[in-house]
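Quick look at upload-v1.cif (mmCIF, C-alpha atoms):
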data_input
#
loop_
_atom_site.group_PDB
_atom_site.id
_atom_site.type_symbol
_atom_site.label_atom_id
_atom_site.label_comp_id
_atom_site.auth_asym_id
_atom_site.auth_seq_id
_atom_site.Cartn_x
_atom_site.Cartn_y
_atom_site.Cartn_z
ATOM 1 C CA MET A 1 -136.855 9.271 8.766
ATOM 2 C CA SER A 2 -133.336 9.587 7.533
ATOM 3 C CA THR A 3 -130.555 11.820 8.628
ATOM 4 C CA THR A 4 -127.725 13.123 6.606
ATOM 5 C CA THR A 5 -124.404 13.878 8.208
ATOM 6 C CA VAL A 6 -122.085 16.354 6.556
ATOM 7 C CA GLU A 7 -118.487 16.216 7.680
ATOM 8 C CA THR A 8 -115.989 18.965 6.998
ATOM 9 C CA SER A 9 -112.330 18.659 7.464
ATOM 10 C CA ALA A 10 -110.179 21.543 8.687
ATOM 11 C CA GLU A 11 -107.155 19.962 7.189
ATOM 12 C CA VAL A 12 -106.236 20.982 3.697
ATOM 13 C CA THR A 13 -103.803 18.825 1.869
ATOM 14 C CA GLY A 14 -102.129 19.269 -1.410
ATOM 15 C CA PRO A 15 -99.633 21.625 -2.966
ATOM 16 C CA GLY A 16 -101.775 24.710 -2.266
ATOM 17 C CA ALA A 17 -101.856 24.186 1.486
ATOM 18 C CA ALA A 18 -99.026 26.603 2.168
ATOM 19 C CA GLN A 19 -100.724 29.290 0.145
ATOM 20 C CA ALA A 20 -103.998 28.783 2.002
ATOM 21 C CA ARG A 21 -102.470 29.658 5.376
ATOM 22 C CA PRO A 22 -102.744 33.387 6.121
ATOM 23 C CA SER A 23 -99.372 35.083 6.401
ATOM 24 C CA LYS A 24 -98.546 37.350 9.345
ATOM 25 C CA VAL A 25 -99.764 40.859 8.615
ATOM 26 C CA ARG A 26 -97.410 43.647 9.732
ATOM 27 C CA ARG A 27 -99.181 46.374 11.606
ATOM 28 C CA ARG A 28 -98.942 49.960 10.512
ATOM 29 C CA GLY A 29 -95.790 51.559 11.871
ATOM 30 C CA GLU A 30 -94.286 48.208 12.838
ATOM 31 C CA HIS A 31 -90.702 47.752 11.665
ATOM 32 C CA GLY A 32 -89.241 44.612 10.259
ATOM 33 C CA PRO A 33 -86.413 42.767 12.032
ATOM 34 C CA VAL A 34 -83.717 44.373 9.868
ATOM 35 C CA ALA A 35 -85.040 47.907 10.392
ATOM 36 C CA SER A 36 -85.463 47.293 14.128
ATOM 37 C CA LEU A 37 -81.907 45.980 14.407
ATOM 38 C CA ALA A 38 -80.552 48.969 12.477
ATOM 39 C CA SER A 39 -82.444 51.501 14.624
ATOM 40 C CA HIS A 40 -81.250 49.861 17.836
ATOM 41 C CA GLY A 41 -77.697 49.886 16.514
ATOM 42 C CA VAL A 42 -77.888 53.594 15.707
ATOM 43 C CA LEU A 43 -79.295 54.352 19.172
ATOM 44 C CA ILE A 44 -76.555 52.342 20.868
ATOM 45 C CA VAL A 45 -73.842 54.154 18.911
ATOM 46 C CA ALA A 46 -75.431 57.544 19.675
ATOM 47 C CA SER A 47 -75.604 56.666 23.381
ATOM 48 C CA LEU A 48 -71.948 55.662 23.430
ATOM 49 C CA VAL A 49 -70.965 58.891 21.678
ATOM 50 C CA ALA A 50 -72.922 60.906 24.251
ATOM 51 C CA LEU A 51 -71.565 58.991 27.248
ATOM 52 C CA PHE A 52 -67.932 58.832 26.162
ATOM 53 C CA PRO A 53 -66.994 62.435 27.116
ATOM 54 C CA ILE A 54 -68.555 61.961 30.565
ATOM 55 C CA ALA A 55 -66.784 58.655 31.135
ATOM 56 C CA TRP A 56 -63.501 60.149 29.895
ATOM 57 C CA LEU A 57 -63.852 63.126 32.257
ATOM 58 C CA ILE A 58 -64.460 60.833 35.235
ATOM 59 C CA PHE A 59 -61.488 58.695 34.193
ATOM 60 C CA LEU A 60 -59.163 61.718 33.983
ATOM 61 C CA SER A 61 -60.357 62.969 37.375
ATOM 62 C CA LEU A 62 -58.901 59.824 38.956
ATOM 63 C CA GLY A 63 -55.378 60.536 37.682
ATOM 64 C CA PRO A 64 -52.989 61.810 40.379
ATOM 65 C CA ASP A 65 -50.852 63.950 38.054
ATOM 66 C CA LYS A 66 -51.885 67.042 36.094
ATOM 67 C CA ASP A 67 -50.257 65.656 32.936
ATOM 68 C CA ASP A 68 -51.961 62.260 33.059
ATOM 69 C CA TYR A 69 -54.269 63.315 30.249
ATOM 70 C CA LEU A 70 -51.238 63.047 27.949
ATOM 71 C CA HIS A 71 -50.622 59.440 29.041
ATOM 72 C CA PRO A 72 -54.047 58.074 30.067
ATOM 73 C CA GLY A 73 -52.751 54.512 30.216
ATOM 74 C CA ARG A 74 -50.938 55.305 33.458
ATOM 75 C CA ILE A 75 -54.172 56.158 35.256
ATOM 76 C CA TRP A 76 -55.239 52.498 35.389
ATOM 77 C CA HIS A 77 -52.422 51.711 37.838
ATOM 78 C CA THR A 78 -52.516 54.943 39.871
ATOM 79 C CA MET A 79 -56.224 55.681 40.331
ATOM 80 C CA THR A 80 -56.974 57.798 43.374
ATOM 81 C CA PHE A 81 -59.661 60.056 44.832
ATOM 82 C CA ASP A 82 -57.122 62.589 46.121
ATOM 83 C CA ASN A 83 -58.207 65.124 43.486
ATOM 84 C CA TYR A 84 -61.719 65.193 44.926
ATOM 85 C CA SER A 85 -60.526 65.601 48.503
ATOM 86 C CA PHE A 86 -58.150 68.408 47.450
ATOM 87 C CA VAL A 87 -60.920 70.267 45.618
ATOM 88 C CA LEU A 88 -63.292 69.969 48.576
ATOM 89 C CA GLN A 89 -60.743 70.938 51.227
ATOM 90 C CA HIS A 90 -58.298 73.351 49.601
ATOM 91 C CA THR A 91 -60.320 75.369 47.092
ATOM 92 C CA ASN A 92 -63.336 77.697 47.242
ATOM 93 C CA PHE A 93 -65.595 74.894 46.049
ATOM 94 C CA PHE A 94 -68.370 75.512 48.556
ATOM 95 C CA ASP A 95 -68.294 79.261 47.885
ATOM 96 C CA TRP A 96 -68.686 78.476 44.196
ATOM 97 C CA LEU A 97 -71.525 76.091 45.031
ATOM 98 C CA LYS A 98 -73.319 78.717 47.118
ATOM 99 C CA SER A 99 -72.938 81.377 44.438
ATOM 100 C CA SER A 100 -74.061 79.064 41.660
ATOM 101 C CA LEU A 101 -77.154 77.911 43.549
ATOM 102 C CA ILE A 102 -78.152 81.456 44.565
ATOM 103 C CA VAL A 103 -77.835 82.792 41.038
ATOM 104 C CA SER A 104 -79.285 79.726 39.295
ATOM 105 C CA LEU A 105 -82.288 79.291 41.587
ATOM 106 C CA GLY A 106 -82.927 83.039 41.569
ATOM 107 C CA THR A 107 -82.840 83.071 37.775
ATOM 108 C CA THR A 108 -85.164 80.078 37.704
ATOM 109 C CA VAL A 109 -87.781 81.593 40.017
ATOM 110 C CA ILE A 110 -87.755 85.121 38.599
ATOM 111 C CA GLY A 111 -87.315 84.005 34.986
ATOM 112 C CA VAL A 112 -90.127 81.453 35.046
ATOM 113 C CA LEU A 113 -92.483 83.890 36.785
ATOM 114 C CA VAL A 114 -91.850 86.640 34.220
ATOM 115 C CA ALA A 115 -91.915 84.237 31.267
ATOM 116 C CA ALA A 116 -95.128 82.554 32.452
ATOM 117 C CA THR A 117 -97.038 85.823 32.904
ATOM 118 C CA THR A 118 -95.730 87.134 29.573
ATOM 119 C CA GLY A 119 -96.576 83.953 27.689
ATOM 120 C CA TYR A 120 -100.038 83.759 29.238
ATOM 121 C CA ALA A 121 -100.813 87.400 28.462
ATOM 122 C CA VAL A 122 -99.832 87.018 24.810
ATOM 123 C CA SER A 123 -101.678 83.705 24.510
ATOM 124 C CA ARG A 124 -104.965 84.895 26.020
ATOM 125 C CA MET A 125 -105.143 88.686 25.729
ATOM 126 C CA ARG A 126 -105.267 90.819 22.591
ATOM 127 C CA PHE A 127 -103.788 94.112 23.712
ATOM 128 C CA PRO A 128 -102.204 96.611 21.270
ATOM 129 C CA GLY A 129 -98.760 95.463 20.222
ATOM 130 C CA TYR A 130 -98.946 91.938 21.621
ATOM 131 C CA ARG A 131 -97.511 90.471 18.410
ATOM 132 C CA LYS A 132 -94.705 93.022 18.322
ATOM 133 C CA LEU A 133 -93.854 92.165 21.922
ATOM 134 C CA MET A 134 -93.116 88.545 21.041
ATOM 135 C CA TRP A 135 -91.066 89.588 18.031
ATOM 136 C CA VAL A 136 -89.049 91.960 20.214
ATOM 137 C CA LEU A 137 -88.347 89.093 22.602
ATOM 138 C CA LEU A 138 -87.202 86.991 19.666
ATOM 139 C CA VAL A 139 -84.938 89.724 18.291
ATOM 140 C CA THR A 140 -83.168 90.089 21.653
ATOM 141 C CA GLN A 141 -81.873 86.543 21.226
ATOM 142 C CA MET A 142 -79.967 87.542 18.090
ATOM 143 C CA PHE A 143 -77.408 89.769 19.832
ATOM 144 C CA PRO A 144 -74.121 88.050 20.774
ATOM 145 C CA ILE A 145 -72.921 88.201 24.353
ATOM 146 C CA ALA A 146 -69.841 90.245 23.413
ATOM 147 C CA VAL A 147 -72.114 93.073 22.220
ATOM 148 C CA LEU A 148 -74.253 93.023 25.364
ATOM 149 C CA ILE A 149 -71.527 92.941 28.005
ATOM 150 C CA VAL A 150 -70.515 96.631 27.771
ATOM 151 C CA PRO A 151 -74.000 98.212 27.956
ATOM 152 C CA MET A 152 -75.061 95.751 30.659
ATOM 153 C CA TYR A 153 -71.964 96.566 32.693
ATOM 154 C CA GLN A 154 -72.776 100.272 32.419
ATOM 155 C CA ILE A 155 -76.362 99.703 33.518
ATOM 156 C CA LEU A 156 -75.376 97.525 36.480
ATOM 157 C CA SER A 157 -72.700 100.034 37.464
ATOM 158 C CA ASP A 158 -75.246 102.872 37.490
ATOM 159 C CA LEU A 159 -77.583 100.762 39.632
ATOM 160 C CA GLY A 160 -74.815 99.693 42.009
ATOM 161 C CA LEU A 161 -75.304 96.016 41.172
ATOM 162 C CA ILE A 162 -71.778 95.145 40.049
ATOM 163 C CA ASP A 163 -70.399 92.177 42.042
ATOM 164 C CA SER A 164 -73.859 91.296 43.379
ATOM 165 C CA TYR A 165 -75.981 88.202 43.048
ATOM 166 C CA LEU A 166 -79.062 90.242 42.157
ATOM 167 C CA GLY A 167 -77.302 91.993 39.279
ATOM 168 C CA LEU A 168 -76.044 88.730 37.772
ATOM 169 C CA THR A 169 -79.471 87.131 38.249
ATOM 170 C CA LEU A 170 -81.185 89.957 36.362
ATOM 171 C CA VAL A 171 -78.636 89.668 33.550
ATOM 172 C CA TYR A 172 -79.343 85.958 33.199
ATOM 173 C CA CYS A 173 -83.092 86.601 33.258
ATOM 174 C CA SER A 174 -82.689 89.030 30.358
ATOM 175 C CA THR A 175 -81.232 86.202 28.258
ATOM 176 C CA ALA A 176 -83.412 83.326 29.483
ATOM 177 C CA VAL A 177 -86.845 84.987 29.650
ATOM 178 C CA PRO A 178 -87.336 85.609 25.887
ATOM 179 C CA TYR A 179 -86.967 81.943 24.945
ATOM 180 C CA SER A 180 -88.960 80.787 27.985
ATOM 181 C CA ALA A 181 -91.794 83.198 27.115
ATOM 182 C CA TRP A 182 -92.023 81.774 23.593
ATOM 183 C CA LEU A 183 -91.933 78.257 24.981
ATOM 184 C CA LEU A 184 -94.694 78.861 27.518
ATOM 185 C CA LYS A 185 -96.796 80.849 25.063
ATOM 186 C CA GLY A 186 -96.875 77.797 22.796
ATOM 187 C CA TYR A 187 -97.813 75.595 25.755
ATOM 188 C CA PHE A 188 -100.591 77.917 26.947
ATOM 189 C CA ASP A 189 -102.032 77.831 23.426
ATOM 190 C CA THR A 190 -102.709 74.106 23.903
ATOM 191 C CA ILE A 191 -104.865 74.726 27.001
ATOM 192 C CA PRO A 192 -108.547 75.227 26.025
ATOM 193 C CA PHE A 193 -110.010 78.714 26.400
ATOM 194 C CA GLU A 194 -113.050 77.161 28.066
ATOM 195 C CA ILE A 195 -111.023 76.788 31.261
ATOM 196 C CA ASP A 196 -110.514 80.562 31.423
ATOM 197 C CA GLU A 197 -114.206 81.110 30.799
ATOM 198 C CA ALA A 198 -115.109 78.666 33.562
ATOM 199 C CA GLY A 199 -112.860 80.590 35.940
ATOM 200 C CA ARG A 200 -114.598 83.852 35.107
ATOM 201 C CA VAL A 201 -117.999 82.228 35.664
ATOM 202 C CA ASP A 202 -116.794 81.141 39.100
ATOM 203 C CA GLY A 203 -115.829 84.724 39.877
ATOM 204 C CA LEU A 204 -112.070 84.440 39.548
ATOM 205 C CA SER A 205 -110.026 87.410 38.415
ATOM 206 C CA PRO A 206 -107.710 86.997 35.389
ATOM 207 C CA PHE A 207 -104.739 86.512 37.717
ATOM 208 C CA GLY A 208 -106.746 84.103 39.869
ATOM 209 C CA THR A 209 -107.625 82.068 36.795
ATOM 210 C CA PHE A 210 -103.984 82.051 35.775
ATOM 211 C CA ALA A 211 -102.683 81.055 39.212
ATOM 212 C CA ARG A 212 -105.352 78.534 40.240
ATOM 213 C CA LEU A 213 -106.406 76.918 36.973
ATOM 214 C CA ILE A 214 -103.819 77.458 34.229
ATOM 215 C CA LEU A 215 -100.526 77.036 36.091
ATOM 216 C CA PRO A 216 -101.357 73.549 37.453
ATOM 217 C CA LEU A 217 -102.201 72.411 33.916
ATOM 218 C CA ALA A 218 -99.015 74.000 32.544
ATOM 219 C CA ARG A 219 -96.705 72.183 34.943
ATOM 220 C CA PRO A 220 -94.812 70.259 32.200
ATOM 221 C CA GLY A 221 -94.115 73.472 30.294
ATOM 222 C CA LEU A 222 -93.042 75.225 33.483
ATOM 223 C CA ALA A 223 -90.647 72.352 34.212
ATOM 224 C CA VAL A 224 -88.965 72.781 30.834
ATOM 225 C CA ALA A 225 -88.684 76.544 31.295
ATOM 226 C CA ALA A 226 -87.290 76.086 34.816
ATOM 227 C CA PHE A 227 -84.686 73.608 33.604
ATOM 228 C CA TYR A 228 -83.642 75.932 30.771
ATOM 229 C CA ASN A 229 -83.303 78.910 33.124
ATOM 230 C CA PHE A 230 -81.329 76.861 35.632
ATOM 231 C CA ILE A 231 -78.894 75.524 33.026
ATOM 232 C CA THR A 232 -78.469 78.961 31.450
ATOM 233 C CA ALA A 233 -77.376 80.490 34.745
ATOM 234 C CA PHE A 234 -75.420 77.508 36.030
ATOM 235 C CA GLY A 235 -73.071 77.077 33.092
ATOM 236 C CA GLU A 236 -72.574 80.651 31.845
ATOM 237 C CA VAL A 237 -69.036 82.077 31.958
ATOM 238 C CA ALA A 238 -68.773 85.452 30.168
ATOM 239 C CA PHE A 239 -71.248 87.466 32.261
ATOM 240 C CA ALA A 240 -70.196 85.859 35.546
ATOM 241 C CA SER A 241 -66.477 86.495 34.985
ATOM 242 C CA THR A 242 -67.172 90.135 34.029
ATOM 243 C CA PHE A 243 -69.729 91.212 36.636
ATOM 244 C CA MET A 244 -68.457 89.238 39.666
ATOM 245 C CA LEU A 245 -65.199 90.711 40.993
ATOM 246 C CA ASP A 246 -64.869 88.969 44.363
ATOM 247 C CA ASP A 247 -63.429 85.464 43.961
ATOM 248 C CA SER A 248 -65.644 84.242 46.825
ATOM 249 C CA LYS A 249 -68.672 85.074 44.645
ATOM 250 C CA TYR A 250 -67.479 83.182 41.593
ATOM 251 C CA THR A 251 -69.838 80.623 40.155
ATOM 252 C CA PHE A 252 -68.688 77.129 39.223
ATOM 253 C CA ALA A 253 -68.104 78.065 35.594
ATOM 254 C CA VAL A 254 -65.729 80.865 36.594
ATOM 255 C CA GLY A 255 -64.118 78.869 39.386
ATOM 256 C CA LEU A 256 -63.049 76.201 36.926
ATOM 257 C CA GLN A 257 -60.916 78.777 35.155
ATOM 258 C CA SER A 258 -58.757 79.168 38.265
ATOM 259 C CA PHE A 259 -57.165 75.792 37.552
ATOM 260 C CA VAL A 260 -55.763 77.040 34.252
ATOM 261 C CA SER A 261 -53.254 79.893 34.119
ATOM 262 C CA GLU A 262 -50.766 81.157 31.595
ATOM 263 C CA HIS A 263 -47.981 78.873 32.835
ATOM 264 C CA ASP A 264 -49.837 75.979 34.438
ATOM 265 C CA ALA A 265 -52.892 73.804 33.893
ATOM 266 C CA GLN A 266 -54.105 71.483 36.641
ATOM 267 C CA ARG A 267 -56.355 69.428 34.452
ATOM 268 C CA ASN A 268 -56.791 66.621 36.963
ATOM 269 C CA LEU A 269 -58.273 69.044 39.507
ATOM 270 C CA MET A 270 -60.383 70.663 36.821
ATOM 271 C CA ALA A 271 -61.778 67.272 35.831
ATOM 272 C CA ALA A 272 -62.597 66.398 39.445
ATOM 273 C CA THR A 273 -64.324 69.746 39.939
ATOM 274 C CA ALA A 274 -66.297 69.303 36.726
ATOM 275 C CA VAL A 275 -67.578 65.930 37.957
ATOM 276 C CA LEU A 276 -68.658 67.502 41.248
ATOM 277 C CA VAL A 277 -70.289 70.387 39.374
ATOM 278 C CA ALA A 278 -72.470 67.926 37.469
ATOM 279 C CA ILE A 279 -74.085 66.644 40.671
ATOM 280 C CA PRO A 280 -76.408 69.668 41.320
ATOM 281 C CA VAL A 281 -77.425 69.762 37.649
ATOM 282 C CA SER A 282 -78.177 66.036 37.675
ATOM 283 C CA ALA A 283 -80.228 66.423 40.862
ATOM 284 C CA PHE A 284 -82.261 69.269 39.343
ATOM 285 C CA PHE A 285 -82.769 67.259 36.157
ATOM 286 C CA TYR A 286 -84.032 64.315 38.226
ATOM 287 C CA LEU A 287 -86.617 66.546 39.906
ATOM 288 C CA VAL A 288 -88.095 67.830 36.625
ATOM 289 C CA GLN A 289 -87.407 64.944 34.228
ATOM 290 C CA LYS A 290 -90.924 63.510 34.568
ATOM 291 C CA ASN A 291 -92.369 66.611 32.932
ATOM 292 C CA LEU A 292 -89.577 67.404 30.466
ATOM 293 C CA VAL A 293 -90.694 65.205 27.564
ATOM 294 C CA THR A 294 -94.329 66.259 27.879
ATOM 295 C CA GLY A 295 -93.399 69.916 28.112
ATOM 296 C CA LEU A 296 -91.042 69.793 25.141
ATOM 297 C CA THR A 297 -93.559 68.179 22.822
ATOM 298 C CA ALA A 298 -96.875 69.686 23.945
ATOM 299 C CA GLY A 299 -96.145 73.167 22.643
ATOM 300 C CA GLY A 300 -95.710 71.893 19.112
ATOM 301 C CA THR A 301 -99.413 71.154 18.599
ATOM 302 C CA LYS A 302 -102.573 73.050 19.345
ATOM 303 C CA GLY A 303 -105.841 71.506 20.405
#

Using structure tokens, write down the structure that the file contains.
Amino acid sequence: MSTTTVETSAEVTGPGAAQARPSKVRRRGEHGPVASLASHGVLIVASLVALFPIAWLIFLSLGPDKDDYLHPGRIWHTMTFDNYSFVLQHTNFFDWLKSSLIVSLGTTVIGVLVAATTGYAVSRMRFPGYRKLMWVLLVTQMFPIAVLIVPMYQILSDLGLIDSYLGLTLVYCSTAVPYSAWLLKGYFDTIPFEIDEAGRVDGLSPFGTFARLILPLARPGLAVAAFYNFITAFGEVAFASTFMLDDSKYTFAVGLQSFVSEHDAQRNLMAATAVLVAIPVSAFFYLVQKNLVTGLTAGGTKG
């Protein structure tokens, strides 16, 4: 009995060895080193461009003189926090903070509630004129603020809401709700209809289905709408300066104007106040930032 042994060698020698080795295959969507380096460079430059105004504002707020913005090199040797202490102790900063939070949070709560019910109704119900309703909401966004101020002032005056937080809140809702309703309508479209049907099978009313089943699933979209409503009310100037007559009811955006007059401009105090103003907005953004990206992108697709 004889045995035959066959030996194979894994080593390949010769001029074709390099060609025999499989080259690294680039996966689909994977960028090469040059493209990756270029994209990172563009992102770094964009980040610096976005951060520069903020860093410059903080830098100017540390200058002790109102004209330091003309000679920023001096600030390096005279940095101080006196501007912040002056703003907190000798201005109506906390009145502005109270007014801004009342109006902004009120606009957020009322605006999101109205926008959510409107968006859900148009997304799920087919009542007469539901398409025209959304187009009307869209058309209202086309009017400039200068055109709206006079009729709104007349309406608020007739209702006795001039120089009141409620009146300013309703004005802001009239500008924020149309966009928020479109936003939430697109988000509700991504939620399967089967969930509504399951709620009806369980005996829930349409509002019960909306409140107990749909709203928890729409939390990312609600976060985006809430952030938009908050920012709209927090940073608006024209309506607030027209409808609020008592300086103790000024919002931050209007209060900042008090540092600039016809003959004087205290830009160092304005910069310090602007830095302090950014703190509530940053805190609100931190609370909703987990849902912002999901809410911004989910409404763009259906299913």

Would you compute the box with edges along x, y and z of the file around region 207-211 of chain A, including every atom the file lists for it and 3 Å extra on each side, and give its centre and edge lengths in Å to one decimal, as AutoDock Vina command-line options?
--center_x -105.2 --center_y 83.8 --center_z 37.8 --size_x 10.9 --size_y 11.5 --size_z 10.1

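The interatomic distance for the pair CA of Ile162 (chain A) and CA of Leu113 (chain A) works out to 23.8 Å.
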
Subject >> Phe239 (chain A) environment, 9 Å, all atoms listed in the file, sequence neighbours closer than 5 positions dropped, as a list in words >> reply: Ile145, Ile149, Leu168, Val171, Tyr172 and Met244 of chain A

Original post:
How far is it from CA of Tyr228 (chain A) to CA of Phe207 (chain A), in Å with one decimal?
Top reply: 24.6 Å

**OP:** Can you pull out every residue within 9 Å of region 195-200 of chain A, counting all atoms listed in the file, but drop anything in the same chain fewer than 5 positions away, and send it as a PyMOL selection string?
**Re:** chain A and resi 124+205-206+208-210+212-214

Original post:
Nearest to Leu137 (chain A) among A:Leu269, A:Leu183, A:Ala50, A:Met79, with distances taken over all atoms listed in the file: which residue is it?
Top reply: A:Leu183

Subject >> 12 Å contact set for Pro64 (chain A), only C-alpha atoms, chain neighbours under 6 positions out, as a list of chain:residue names >> reply: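 So the residues in contact are A:His71, A:Pro72, A:Arg74, A:Ile75, A:Trp76, A:His77, A:Thr78, A:Met79, A:Thr80, A:Phe81, A:Asp82, A:Asn83, A:Tyr84, A:Ser85, A:Phe86, A:Gln266, A:Arg267, A:Asn268, A:Leu269, A:Ala271, A:Ala272.
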
Subject >> Computed interatomic separation between CA of Tyr165 (chain A) and CA of Ala283 (chain A) (Å) >> reply: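 Rounded to one decimal, the two atoms are 22.3 Å apart.
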
**OP:** Determine the nearest neighbour of Ala218 (chain A) from the options A:Tyr179, A:Gly119, A:Leu204, A:Leu105, counting all atoms listed in the file.
**Re:** A:Gly119

**OP:** Would you list the residues near (-101.4, 79.4, 25.8), meaning any protein, DNA or RNA residue with an atom at most 12 Å from that point in file coordinates, counting all atoms listed in the file, as a ChimeraX atom specification?
**Re:** /A:115-125,181-193,195-196,210,214-215,217-218,221,298-303

Original post:
So, counting all atoms listed in the file, which residue among A:Leu97, A:Val136, A:Val34, A:Ile44 is closest to Ile279 (chain A)?
Top reply: A:Leu97

Original post:
Please, which residues are within 7 Å of (-66.0, 78.2, 40.1) by the file's coordinates, counting only C-alpha atoms, and could they come as a PyMOL selection string?
Top reply: chain A and resi 93+96+250-256

Subject >> Residue with smallest distance to Pro144 (chain A) - pool A:Ala265, A:Ala225, A:Val114, A:Ala238, counting all atoms listed in the file >> reply: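 That would be A:Ala238, the residue with the smallest distance to Pro144 (chain A).
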